[in-house]
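Next up, start_2.cif (mmCIF, C-alpha atoms):
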data_target
#
loop_
_atom_site.group_PDB
_atom_site.id
_atom_site.type_symbol
_atom_site.label_atom_id
_atom_site.label_comp_id
_atom_site.auth_asym_id
_atom_site.auth_seq_id
_atom_site.Cartn_x
_atom_site.Cartn_y
_atom_site.Cartn_z
ATOM 1 C CA MET A 20 3.478 -15.148 -1.062
ATOM 2 C CA ILE A 21 0.704 -12.791 0.026
ATOM 3 C CA SER A 22 -2.350 -12.782 -2.232
ATOM 4 C CA THR A 23 -6.118 -12.730 -1.902
ATOM 5 C CA ARG A 24 -5.984 -16.527 -2.074
ATOM 6 C CA ASP A 25 -3.606 -16.672 0.897
ATOM 7 C CA LEU A 26 -3.677 -13.730 3.311
ATOM 8 C CA ALA A 27 -1.951 -15.539 6.191
ATOM 9 C CA MET A 28 1.311 -13.597 5.789
ATOM 10 C CA LEU A 29 -0.326 -10.163 5.636
ATOM 11 C CA PRO A 30 0.513 -8.195 8.820
ATOM 12 C CA ASP A 31 -2.209 -7.236 11.272
ATOM 13 C CA ILE A 32 -3.693 -3.748 11.093
ATOM 14 C CA GLY A 33 -1.289 -2.150 13.573
ATOM 15 C CA CYS A 34 1.827 -3.562 11.936
ATOM 16 C CA LEU A 35 0.535 -2.751 8.467
ATOM 17 C CA HIS A 36 -0.098 0.842 9.522
ATOM 18 C CA LEU A 37 3.527 1.238 10.642
ATOM 19 C CA LEU A 38 4.895 -0.608 7.610
ATOM 20 C CA THR A 39 3.056 1.572 5.098
ATOM 21 C CA GLN A 40 4.225 4.695 6.919
ATOM 22 C CA SER A 41 7.795 3.404 6.651
ATOM 23 C CA LEU A 42 7.400 2.685 2.932
ATOM 24 C CA ALA A 43 6.125 6.218 2.348
ATOM 25 C CA MET A 44 8.954 7.744 4.393
ATOM 26 C CA LEU A 45 11.553 5.769 2.460
ATOM 27 C CA ASP A 46 10.093 6.854 -0.865
ATOM 28 C CA ALA A 47 9.928 10.481 0.302
ATOM 29 C CA ILE A 48 13.675 10.391 0.965
ATOM 30 C CA LEU A 49 14.686 8.453 -2.135
ATOM 31 C CA CYS A 50 12.294 10.270 -4.491
ATOM 32 C CA PRO A 51 11.965 13.959 -3.542
ATOM 33 C CA GLU A 52 9.531 14.526 -6.432
ATOM 34 C CA TRP A 53 6.117 13.223 -5.337
ATOM 35 C CA GLU A 54 5.196 12.123 -8.856
ATOM 36 C CA SER A 55 8.120 9.676 -8.851
ATOM 37 C CA ARG A 56 7.082 7.862 -5.687
ATOM 38 C CA TYR A 57 5.369 4.490 -5.437
ATOM 39 C CA TYR A 58 4.246 4.823 -1.825
ATOM 40 C CA SER A 59 2.500 7.647 0.000
ATOM 41 C CA PHE A 60 0.782 7.997 3.363
ATOM 42 C CA ASN A 61 -1.593 10.657 4.638
ATOM 43 C CA ALA A 62 -1.944 10.512 8.418
ATOM 44 C CA LYS A 63 -4.766 13.065 8.326
ATOM 45 C CA TRP A 64 -6.844 11.761 5.447
ATOM 46 C CA GLY A 65 -10.101 12.362 7.315
ATOM 47 C CA ALA A 66 -11.585 12.426 10.776
ATOM 48 C CA GLU A 67 -9.815 9.521 12.509
ATOM 49 C CA GLN A 68 -8.754 8.170 9.115
ATOM 50 C CA MET A 69 -5.366 7.541 7.501
ATOM 51 C CA MET A 70 -4.688 6.481 3.910
ATOM 52 C CA ALA A 71 -1.752 4.565 2.438
ATOM 53 C CA THR A 72 -1.428 4.469 -1.341
ATOM 54 C CA MET A 73 0.664 2.801 -4.012
ATOM 55 C CA ARG A 74 0.934 3.973 -7.629
ATOM 56 C CA ASN A 75 3.483 2.360 -9.919
ATOM 57 C CA GLY A 76 3.114 4.789 -12.811
ATOM 58 C CA SER A 77 1.874 2.044 -15.139
ATOM 59 C CA GLY A 78 -1.746 2.083 -14.034
ATOM 60 C CA ASP A 79 -1.547 -0.255 -11.043
ATOM 61 C CA THR A 80 -2.643 1.082 -7.644
ATOM 62 C CA PHE A 81 -3.749 0.219 -4.173
ATOM 63 C CA PHE A 82 -5.513 2.322 -1.551
ATOM 64 C CA LEU A 83 -5.441 1.257 2.088
ATOM 65 C CA LEU A 84 -7.716 3.039 4.551
ATOM 66 C CA PHE A 85 -7.184 2.861 8.317
ATOM 67 C CA GLN A 86 -9.992 3.922 10.658
ATOM 68 C CA PRO A 87 -11.152 3.006 14.175
ATOM 69 C CA THR A 88 -13.475 0.279 12.843
ATOM 70 C CA GLY A 89 -10.691 -1.498 10.931
ATOM 71 C CA ALA A 90 -8.863 -1.316 7.615
ATOM 72 C CA ILE A 91 -9.734 -1.953 3.977
ATOM 73 C CA LEU A 92 -7.489 -2.250 0.925
ATOM 74 C CA LYS A 93 -8.594 -1.908 -2.693
ATOM 75 C CA GLY A 94 -6.209 -2.825 -5.492
ATOM 76 C CA PHE A 95 -6.179 -2.510 -9.255
ATOM 77 C CA ALA A 96 -3.800 -4.429 -11.521
ATOM 78 C CA HIS A 97 -4.638 -3.188 -14.981
ATOM 79 C CA GLU A 98 -3.354 -6.256 -16.859
ATOM 80 C CA ALA A 99 -4.881 -8.848 -14.510
ATOM 81 C CA PRO A 100 -7.397 -11.322 -15.950
ATOM 82 C CA MET A 101 -9.924 -10.018 -13.409
ATOM 83 C CA SER A 102 -9.742 -6.460 -14.704
ATOM 84 C CA PRO A 103 -13.175 -4.829 -15.047
ATOM 85 C CA TYR A 104 -12.242 -4.141 -18.658
ATOM 86 C CA THR A 105 -12.460 -7.827 -19.534
ATOM 87 C CA PHE A 106 -16.238 -7.246 -19.558
ATOM 88 C CA ALA A 107 -18.296 -5.150 -21.956
ATOM 89 C CA PRO A 108 -19.422 -2.873 -20.486
ATOM 90 C CA PRO A 109 -16.721 -2.856 -17.777
ATOM 91 C CA ARG A 110 -17.693 -4.129 -14.309
ATOM 92 C CA VAL A 111 -15.858 -5.315 -11.203
ATOM 93 C CA TRP A 112 -15.419 -9.092 -11.028
ATOM 94 C CA PRO A 113 -18.332 -10.775 -9.219
ATOM 95 C CA GLY A 114 -17.782 -11.304 -5.494
ATOM 96 C CA VAL A 115 -14.988 -8.763 -5.050
ATOM 97 C CA LEU A 116 -17.068 -5.940 -3.548
ATOM 98 C CA GLU A 117 -20.466 -7.389 -2.666
ATOM 99 C CA THR A 118 -19.790 -8.474 0.927
ATOM 100 C CA ILE A 119 -17.691 -5.557 2.169
ATOM 101 C CA PRO A 120 -18.902 -4.646 5.698
ATOM 102 C CA SER A 121 -21.063 -1.553 6.018
ATOM 103 C CA VAL A 122 -18.459 0.139 8.260
ATOM 104 C CA PHE A 123 -16.434 0.694 5.081
ATOM 105 C CA ALA A 124 -19.335 2.032 2.992
ATOM 106 C CA SER A 125 -17.823 5.513 2.682
ATOM 107 C CA PHE A 126 -14.614 4.011 1.270
ATOM 108 C CA LEU A 127 -16.508 2.687 -1.736
ATOM 109 C CA THR A 128 -17.850 6.129 -2.565
ATOM 110 C CA GLU A 129 -14.533 7.979 -2.148
ATOM 111 C CA PRO A 130 -13.781 9.546 -5.575
ATOM 112 C CA ALA A 131 -10.008 9.273 -5.129
ATOM 113 C CA ILE A 132 -9.992 5.474 -5.094
ATOM 114 C CA VAL A 133 -12.015 5.011 -8.333
ATOM 115 C CA VAL A 134 -13.912 1.940 -7.150
ATOM 116 C CA GLU A 135 -14.806 1.072 -10.755
ATOM 117 C CA GLU A 136 -11.120 0.214 -11.229
ATOM 118 C CA THR A 137 -10.833 -2.711 -8.831
ATOM 119 C CA THR A 138 -9.389 -6.182 -9.276
ATOM 120 C CA PHE A 139 -9.228 -7.132 -5.586
ATOM 121 C CA CYS A 140 -10.379 -5.923 -2.193
ATOM 122 C CA ILE A 141 -9.598 -7.151 1.314
ATOM 123 C CA TRP A 142 -10.599 -5.898 4.744
ATOM 124 C CA CYS A 143 -10.276 -6.516 8.459
ATOM 125 C CA THR A 144 -12.718 -5.010 10.946
ATOM 126 C CA CYS A 145 -11.770 -4.465 14.570
ATOM 127 C CA HIS A 146 -13.758 -7.621 15.360
ATOM 128 C CA ASP A 147 -12.018 -9.862 12.797
ATOM 129 C CA THR A 148 -9.114 -12.109 13.725
ATOM 130 C CA GLN A 149 -7.781 -12.229 10.160
ATOM 131 C CA TRP A 150 -8.046 -10.450 6.819
ATOM 132 C CA GLN A 151 -11.156 -11.163 4.746
ATOM 133 C CA ARG A 152 -12.209 -11.129 1.091
ATOM 134 C CA GLY A 153 -15.398 -11.889 -0.783
ATOM 135 C CA THR A 154 -16.507 -15.251 -2.137
ATOM 136 C CA ILE A 155 -14.909 -15.285 -5.567
ATOM 137 C CA GLN A 156 -14.633 -17.792 -8.398
ATOM 138 C CA PHE A 157 -11.116 -17.074 -9.596
ATOM 139 C CA PRO A 158 -10.133 -17.654 -13.226
ATOM 140 C CA ASP A 159 -7.342 -20.132 -13.896
ATOM 141 C CA HIS A 160 -4.226 -17.967 -13.687
ATOM 142 C CA PRO A 161 -1.175 -17.793 -11.359
ATOM 143 C CA ASP A 162 -2.178 -14.291 -10.187
ATOM 144 C CA PRO A 163 -5.717 -13.681 -11.472
ATOM 145 C CA ASP A 164 -6.372 -10.375 -9.701
ATOM 146 C CA GLY A 165 -2.802 -9.075 -9.514
ATOM 147 C CA SER A 166 -2.792 -9.146 -5.719
ATOM 148 C CA GLU A 167 0.302 -11.323 -5.436
ATOM 149 C CA ALA A 168 2.343 -8.793 -7.396
ATOM 150 C CA LEU A 169 0.964 -5.675 -5.732
ATOM 151 C CA LEU A 170 0.929 -6.953 -2.136
ATOM 152 C CA ALA A 171 4.412 -8.502 -2.154
ATOM 153 C CA ILE A 172 5.896 -5.314 -0.663
ATOM 154 C CA LEU A 173 3.782 -5.838 2.460
ATOM 155 C CA ASP A 174 5.739 -8.897 3.615
ATOM 156 C CA GLY A 175 7.559 -6.785 6.236
ATOM 157 C CA ASN A 176 11.004 -7.689 4.908
ATOM 158 C CA PRO A 177 13.307 -4.660 4.416
ATOM 159 C CA ARG A 178 15.181 -6.533 1.694
ATOM 160 C CA THR A 179 12.013 -6.597 -0.409
ATOM 161 C CA TYR A 180 11.890 -2.810 -0.404
ATOM 162 C CA GLN A 181 15.642 -2.524 -0.959
ATOM 163 C CA ALA A 182 15.541 -4.800 -4.017
ATOM 164 C CA ASN A 183 12.598 -2.959 -5.550
ATOM 165 C CA ALA A 184 14.104 0.478 -4.854
ATOM 166 C CA GLU A 185 17.477 -0.490 -6.326
ATOM 167 C CA GLU A 186 15.795 -1.692 -9.502
ATOM 168 C CA TYR A 187 13.636 1.436 -9.761
ATOM 169 C CA ASN A 188 16.397 3.921 -8.917
ATOM 170 C CA GLU A 189 19.111 1.999 -10.780
ATOM 171 C CA GLY A 190 21.530 2.294 -7.886
ATOM 172 C CA SER A 191 22.371 0.887 -4.479
ATOM 173 C CA VAL A 192 20.138 1.523 -1.464
ATOM 174 C CA ASN A 193 21.565 1.332 2.060
ATOM 175 C CA LEU A 194 19.967 -1.714 3.678
ATOM 176 C CA ASP A 195 20.827 -0.671 7.242
ATOM 177 C CA ALA A 196 19.022 2.634 6.713
ATOM 178 C CA VAL A 197 16.005 0.812 5.284
ATOM 179 C CA ILE A 198 15.945 -1.464 8.330
ATOM 180 C CA GLN A 199 16.065 1.511 10.674
ATOM 181 C CA ILE A 200 13.061 3.107 8.997
ATOM 182 C CA TYR A 201 11.199 -0.215 8.934
ATOM 183 C CA ASN A 202 11.836 -0.240 12.692
ATOM 184 C CA GLN A 203 10.429 3.305 12.973
ATOM 185 C CA GLN A 204 13.670 4.803 14.246
ATOM 186 C CA PRO A 205 13.661 8.630 14.509
ATOM 187 C CA LEU A 206 14.938 10.451 11.458
ATOM 188 C CA THR A 207 18.328 12.155 11.712
ATOM 189 C CA ASN A 208 20.505 13.944 9.194
ATOM 190 C CA ALA A 209 22.748 10.885 9.133
ATOM 191 C CA LEU A 210 19.863 8.506 8.422
ATOM 192 C CA VAL A 211 18.421 10.687 5.677
ATOM 193 C CA GLY A 212 21.878 11.163 4.178
ATOM 194 C CA ALA A 213 22.540 7.423 4.163
ATOM 195 C CA LEU A 214 19.627 7.046 1.762
ATOM 196 C CA ASN A 215 19.975 10.267 -0.222
ATOM 197 C CA SER A 216 23.128 12.326 0.148
ATOM 198 C CA ASP A 217 21.424 15.289 -1.540
ATOM 199 C CA LEU A 218 18.870 15.714 1.257
ATOM 200 C CA SER A 219 18.900 16.782 4.892
ATOM 201 C CA LEU A 220 16.406 16.195 7.680
ATOM 202 C CA ALA A 221 14.907 19.630 7.052
ATOM 203 C CA ASP A 222 14.229 18.741 3.405
ATOM 204 C CA VAL A 223 11.837 15.934 4.380
ATOM 205 C CA SER A 224 10.159 17.614 7.340
ATOM 206 C CA ARG A 225 6.947 18.373 5.453
ATOM 207 C CA ASP A 226 6.711 14.806 4.166
ATOM 208 C CA ARG A 227 7.405 13.440 7.624
ATOM 209 C CA GLU A 228 4.553 15.506 9.045
ATOM 210 C CA GLU A 229 2.089 14.359 6.389
ATOM 211 C CA ILE A 230 3.113 10.722 6.842
ATOM 212 C CA GLY A 231 3.032 10.957 10.632
ATOM 213 C CA TYR A 232 6.383 9.199 10.868
ATOM 214 C CA PRO A 233 7.318 7.658 13.219
ATOM 215 C CA GLY A 234 3.877 6.171 13.786
#

Re-express the file's structure as structure tokens.
Amino acid sequence: MISTRDLAMLPDIGCLHLLTQSLAMLDAILCPEWESRYYSFNAKWGAEQMMATMRNGSGDTFFLLFQPTGAILKGFAHEAPMSPYTFAPPRVWPGVLETIPSVFASFLTEPAIVVEETTFCIWCTCHDTQWQRGTIQFPDHPDPDGSEALLAILDGNPRTYQANAEEYNEGSVNLDAVIQIYNQQPLTNALVGALNSDLSLADVSRDREEIGYPG
């Protein structure tokens, strides 16, 4: 399982970029109302920046910034033992943010990500060969910062998305269509209809443009 204690299975930056675009495109088709979606992607977040986000509606989030110097992901699992709210006054767990490279300094001051609500943070600069995290003394817990739960979707397996979407939507989700979007296949009316018979290609054109799909 992917977690901050074992990042070996987390895809590299390029693959993660495409995967998070696919997740956002799938959610845009299955959940036409933006407020109902878990996954979003903004291909024009800033100058040479793209942002992938996850919100589960229960207070858990992650924000993943892509830029020429690398990528950084900040997560918040509100019930995790490493929640800032375990301290009085609240503060981010020691070691989580202190050693983030300076190339990501603007990320930490971005109001949208609410850096005060952080239980884990990982990054990979264009010079790194693997994902990094700070030096942290983890509390004794199976998933102390909530990263194992929140990052599970990033395993690159279409069945992981299918299972989660079927549970959330309380209905079947076409696995072949999920696989096609994981593989960044061009959208067609048939592909959109296989996931949501109430929508056409034209209905998701604005979302597709914002997501930048296919990447």

Neighbour list for Leu194 of chain A as a PyMOL selection string, cut-off 12 Å, all atoms listed in the file, skip fewer than 5 positions in-chain: chain A and resi 45+176-185+199-201+210+213-214

Can those selected residues be exported to a file as a tab-separated table (two decimals), in the frame of the given file so that it contains C-alpha atoms?
chain	number	residue	atom	x	y	z
A	45	LEU	CA	11.55	5.77	2.46
A	176	ASN	CA	11.00	-7.69	4.91
A	177	PRO	CA	13.31	-4.66	4.42
A	178	ARG	CA	15.18	-6.53	1.69
A	179	THR	CA	12.01	-6.60	-0.41
A	180	TYR	CA	11.89	-2.81	-0.40
A	181	GLN	CA	15.64	-2.52	-0.96
A	182	ALA	CA	15.54	-4.80	-4.02
A	183	ASN	CA	12.60	-2.96	-5.55
A	184	ALA	CA	14.10	0.48	-4.85
A	185	GLU	CA	17.48	-0.49	-6.33
A	199	GLN	CA	16.07	1.51	10.67
A	200	ILE	CA	13.06	3.11	9.00
A	201	TYR	CA	11.20	-0.22	8.93
A	210	LEU	CA	19.86	8.51	8.42
A	213	ALA	CA	22.54	7.42	4.16
A	214	LEU	CA	19.63	7.05	1.76

Within-9 Å shell of (12.1, 6.3, 1.9) in input frame, all atoms listed in the file, as a PyMOL selection string: chain A and resi 41-50+58+197+200+211+214

Result set, the PyMOL selection byres ((chain A and resi 157-164) around 6) on current file, as a PyMOL selection string: chain A and resi 99-101+138-139+155-156+165-166

Two-atom distance - atom CA of Phe81 of chain A, atom CA of Trp142 of chain A (Å):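 So the two atoms, atom CA of Phe81 of chain A and atom CA of Trp142 of chain A, lie 12.8 Å apart.
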
Point-to-point distance from atom CA of Asn188 of chain A to atom CA of Arg56 of chain A, Å rounded to tenths: 10.6 Å
